[in-house]
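Visitor: Let me begin by handing over the structure; questions about it come next.
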Amino acid sequence: MYTLRTLLCLSLAFGSVVAAAKPSINGAPTGRLKHHADSPAAKRPGVGKVRILYIGNSAIYFHNLPEIVSRISASGPDPVDIDSEMISEGGQTLEGHWLEGKAQREIHAKRWDYVVLQEQSCLNDEIEIGGVPCITGWESYHRFAKMFDAEAKSVGAKTVILSLWSHKGTPLREQQALDYASQSLAREIGATLVPAGSVWRAMERRDRNLSLYYDDFHPTRTGSYMFAVTFYAAVFRKKPFRSGDQSDRNRHRARRSARL
C-alpha cells in the first residue's frame with residue numbers, strides 16, 4: 001500500500017510530463033505528439049472490454065505491470081474494464097520477440113485494442129564503458145517496432161510505445177537518448193507514447209525520498225506503480241483519481257488500487 005502523499009506526488013509529477021510529451025534531444029523540441037480521437041481510448045467506460053497485449057521483458061513483468069494497470073483502471077473515477085495478456089522474457093529485445101514469432105501469432109489470435117511495445121533497456125544497441133551500459137543508437141529498436149506496428153495495424157490495433165528510465169547512476173544523456181528514441185518513433189508511426197522515463201526523472205527531482213530502483217534498473221513496487229499510473233494517463237488521458245478530492249472513499253480507492 002502506498003501513502004496518500006506518494007499518490008499525490010505521482011499525480012502531480014506525471015500530469016505536466018504526459019500532457020507536454022515532445023520528441024527532443026539535448027532539450028530541443030522537434031514536434032508534438034498527436035492523440036487520435038477515434039482510438040480505443042475514446043471508448044465509453046463500461047462499454048465492452050479494452051483488450052491490451054503487452055510485449056516486452058522484465059521491465060513489465062516486475063510486479064506485473066499489466067495487472068497494476070488493470071486495477072487502477074477498474075478503481076478509477078471512470079472505470080475501464082481491461083483484458084490483458086503479456087509476452088515477456090528477461091532481457092528480451094523486440095528483435096528477439098520478432099525472431100521467435102510468438103508475439104506475431106498472438107497479435108493475430110485475438111481482437112486487440114492496443115499492442116504495447118517495450119524495448120530492452122539499452123535499446124538493443126549499447127557498449128559498456130567501465131561496466132556501465134551506454135546507448136549507441138536505436139536502429140534495431142525502430143526497425144522491429146515498425147514491423148510490430150504494421151502487424152498491429154493489420155488487425156486494427158493501436159500501438160503503444162513504452163519509453164523507459166535509464167540505468168541507475170548513468171549520465172543524463174542516457175535518459176535523453178531513451179526519451180528521444182521512443183518519442184521520435186511514436187511520432188513517426190502515430191503511436192501512443194508512455195513517457196515513463198521522463199516521469200521517473202521528474203519523480204526523483206520532486207521527492208528524493210521515493211525509492212524507485214529495486215536494483216540498478218528494475219523498479220520497486222513504487223516504481224512499477226508510477227509506471228502503471230503513467231500508462232493509464234497516457235493511454236486513457238485521465239487521472240486515476242480526482243485531484244484534490246480528499247474524501248475517505250476516494251482515498252481508500254486510490255490506496256486500494258496500488259496494492260499488489
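Letters A, B, ... mark the chains of the C-alpha cells in the order given; residue numbers begin at 1 per chain; ligand numbers begin at 1, in order shown.
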Show me, as a PDB file with C-alpha atoms, in the first residue's frame, the residues that have an atom within 12 Å of Ser140 in chain A when counting only C-alpha atoms, minus same-chain residues fewer than 6 positions from it.
Guide:
ATOM      1  CA  THR A  93      14.522  -7.312 -27.223  1.00  0.00           C
ATOM      2  CA  LEU A  94      11.861  -6.566 -29.828  1.00  0.00           C
ATOM      3  CA  GLU A  95      14.184  -8.184 -32.365  1.00  0.00           C
ATOM      4  CA  GLY A  96      14.284 -11.323 -30.235  1.00  0.00           C
ATOM      5  CA  TRP A  98      10.133 -10.962 -33.663  1.00  0.00           C
ATOM      6  CA  GLU A 119      12.290  -2.424 -25.959  1.00  0.00           C
ATOM      7  CA  GLN A 120      15.273  -3.668 -23.950  1.00  0.00           C
ATOM      8  CA  CYS A 122      19.622  -0.072 -23.708  1.00  0.00           C
ATOM      9  CA  LEU A 123      17.654  -0.241 -26.974  1.00  0.00           C
ATOM     10  CA  ASN A 124      19.488  -3.365 -28.167  1.00  0.00           C
ATOM     11  CA  ASP A 125      22.396  -1.151 -29.203  1.00  0.00           C
ATOM     12  CA  GLU A 126      24.955  -0.429 -26.491  1.00  0.00           C
ATOM     13  CA  LYS A 146       7.807  -0.571 -37.008  1.00  0.00           C
ATOM     14  CA  MET A 147       7.421  -4.202 -38.041  1.00  0.00           C
ATOM     15  CA  ALA A 181      14.374   7.305 -29.424  1.00  0.00           C
ATOM     16  CA  LEU A 185       9.402   6.604 -33.032  1.00  0.00           C
TER      17      LEU A 185
END
Visitor: Which residue is closest to Gly156 in chain A? Choose from A:Glu188, A:Val116, A:Ser121, A:His108 and count only C-alpha atoms.
Guide: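 The answer is A:His108, which sits nearest to Gly156 in chain A.
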Visitor: Please identify which residues in range 39-178 of chain A DSSP calls strand (DSSP E) from the backbone, and express them as a ChimeraX atom specification.
Guide: /A:50-56,82-88,114-117,126-129,132-135,158-163
Visitor: Using N, CA and C atoms, can you write the selected residues to a file as a compact mmCIF listing (two decimals), in the first residue's frame?
Guide:
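again_4.txt, written as the output of this step:
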# COMPACT_ATOMS: atom_id res chain seq x y z
N VAL A 50 -11.56 -3.35 -22.90
CA VAL A 50 -10.43 -2.87 -23.68
C VAL A 50 -9.37 -3.95 -23.60
N ARG A 51 -8.94 -4.46 -24.76
CA ARG A 51 -8.01 -5.59 -24.80
C ARG A 51 -6.61 -5.09 -25.13
N ILE A 52 -5.66 -5.44 -24.27
CA ILE A 52 -4.29 -4.94 -24.39
C ILE A 52 -3.30 -6.10 -24.39
N LEU A 53 -2.43 -6.13 -25.40
CA LEU A 53 -1.36 -7.12 -25.48
C LEU A 53 -0.03 -6.41 -25.20
N TYR A 54 0.69 -6.87 -24.18
CA TYR A 54 1.99 -6.30 -23.81
C TYR A 54 3.10 -7.20 -24.34
N ILE A 55 4.11 -6.59 -24.99
CA ILE A 55 5.27 -7.32 -25.50
C ILE A 55 6.52 -6.64 -24.95
N GLY A 56 7.32 -7.37 -24.16
CA GLY A 56 8.49 -6.75 -23.57
C GLY A 56 9.35 -7.71 -22.78
N ILE A 82 -10.38 -3.93 -18.38
CA ILE A 82 -9.27 -4.31 -19.25
C ILE A 82 -9.06 -5.82 -19.25
N ASP A 83 -8.88 -6.37 -20.43
CA ASP A 83 -8.49 -7.76 -20.61
C ASP A 83 -7.09 -7.73 -21.22
N SER A 84 -6.08 -8.19 -20.47
CA SER A 84 -4.71 -8.06 -20.96
C SER A 84 -3.96 -9.39 -20.95
N GLU A 85 -2.97 -9.47 -21.82
CA GLU A 85 -2.04 -10.60 -21.85
C GLU A 85 -0.64 -10.04 -22.02
N MET A 86 0.35 -10.81 -21.56
CA MET A 86 1.73 -10.34 -21.58
C MET A 86 2.64 -11.41 -22.16
N ILE A 87 3.48 -11.00 -23.12
CA ILE A 87 4.52 -11.86 -23.65
C ILE A 87 5.84 -11.21 -23.26
N SER A 88 6.58 -11.84 -22.34
CA SER A 88 7.79 -11.20 -21.82
C SER A 88 8.83 -12.25 -21.43
N TYR A 114 -5.09 -2.51 -28.18
CA TYR A 114 -3.74 -1.96 -28.10
C TYR A 114 -2.71 -3.07 -28.13
N VAL A 115 -1.61 -2.80 -28.82
CA VAL A 115 -0.41 -3.66 -28.75
C VAL A 115 0.69 -2.78 -28.17
N VAL A 116 1.20 -3.17 -27.00
CA VAL A 116 2.18 -2.38 -26.27
C VAL A 116 3.58 -2.93 -26.52
N LEU A 117 4.50 -2.06 -26.94
CA LEU A 117 5.87 -2.47 -27.26
C LEU A 117 6.86 -1.86 -26.27
N GLU A 126 24.19 -1.09 -27.52
CA GLU A 126 24.95 -0.43 -26.49
C GLU A 126 26.36 -1.02 -26.37
N ILE A 127 27.22 -0.27 -25.71
CA ILE A 127 28.54 -0.76 -25.33
C ILE A 127 28.69 -0.51 -23.83
N GLU A 128 29.63 -1.20 -23.21
CA GLU A 128 29.89 -0.98 -21.79
C GLU A 128 31.18 -0.20 -21.64
N ILE A 129 31.12 0.85 -20.84
CA ILE A 129 32.29 1.67 -20.52
C ILE A 129 32.45 1.67 -19.01
N VAL A 132 29.52 0.16 -17.19
CA VAL A 132 28.23 0.87 -17.29
C VAL A 132 27.74 0.83 -18.73
N PRO A 133 26.50 0.35 -18.97
CA PRO A 133 25.98 0.30 -20.34
C PRO A 133 25.73 1.70 -20.90
N CYS A 134 26.15 1.93 -22.14
CA CYS A 134 25.96 3.22 -22.79
C CYS A 134 25.27 3.00 -24.13
N ILE A 135 24.16 3.70 -24.35
CA ILE A 135 23.39 3.56 -25.59
C ILE A 135 24.16 4.18 -26.75
N LYS A 158 -4.12 -0.31 -31.96
CA LYS A 158 -3.30 0.89 -31.80
C LYS A 158 -2.01 0.51 -31.09
N THR A 159 -0.87 0.98 -31.59
CA THR A 159 0.41 0.69 -30.96
C THR A 159 0.69 1.67 -29.82
N VAL A 160 1.22 1.14 -28.72
CA VAL A 160 1.65 1.95 -27.58
C VAL A 160 3.14 1.71 -27.38
N ILE A 161 3.91 2.78 -27.29
CA ILE A 161 5.35 2.70 -27.09
C ILE A 161 5.68 3.06 -25.64
N LEU A 162 6.37 2.13 -24.93
CA LEU A 162 6.79 2.39 -23.57
C LEU A 162 8.21 2.96 -23.58
N SER A 163 8.36 4.17 -23.10
CA SER A 163 9.66 4.83 -23.03
C SER A 163 10.19 4.69 -21.61
Visitor: Find the residues near Gly197 in chain A: any atom within 8 Å, counting only C-alpha atoms, skip ones fewer than 4 places away on the same chain, and give them as a list in words.
Guide: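 Returned residues: Ser163, Leu164, Trp165, Ser166, Gln175, Leu178, Asp179 and Arg201 of chain A.
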Visitor: Any idea what the distance is between CA of Pro219 in chain A and CA of Gln176 in chain A?
Guide: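 CA of Gln176 in chain A lies 19.0 Å from CA of Pro219 in chain A.
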Visitor: Just how far from CA of Gly91 in chain A is CA of Pro171 in chain A, in Å to one decimal?
Guide: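 Rounded to one decimal, the two atoms are 21.5 Å apart.
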Visitor: Output as a PyMOL selection string all residues of range 119-239 of chain A that backbone DSSP marks as helix (DSSP H, G or I).
Guide: chain A and resi 139-154+172-189+196-206+221-236
Visitor: Can you tell me how far CA of Ser211 in chain A sits from CA of Gly223 in chain A, in Å to one decimal?
Guide: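 These atoms are spaced 7.4 Å apart.
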Visitor: Please provide as a PyMOL selection string all residues within 8 Å of Pro240 in chain A, with the sequence filter that same-chain residues fewer than 2 positions apart are discarded (counting only C-alpha atoms).
Guide: chain A and resi 72-73+75-77+229+232-233+238+242+254
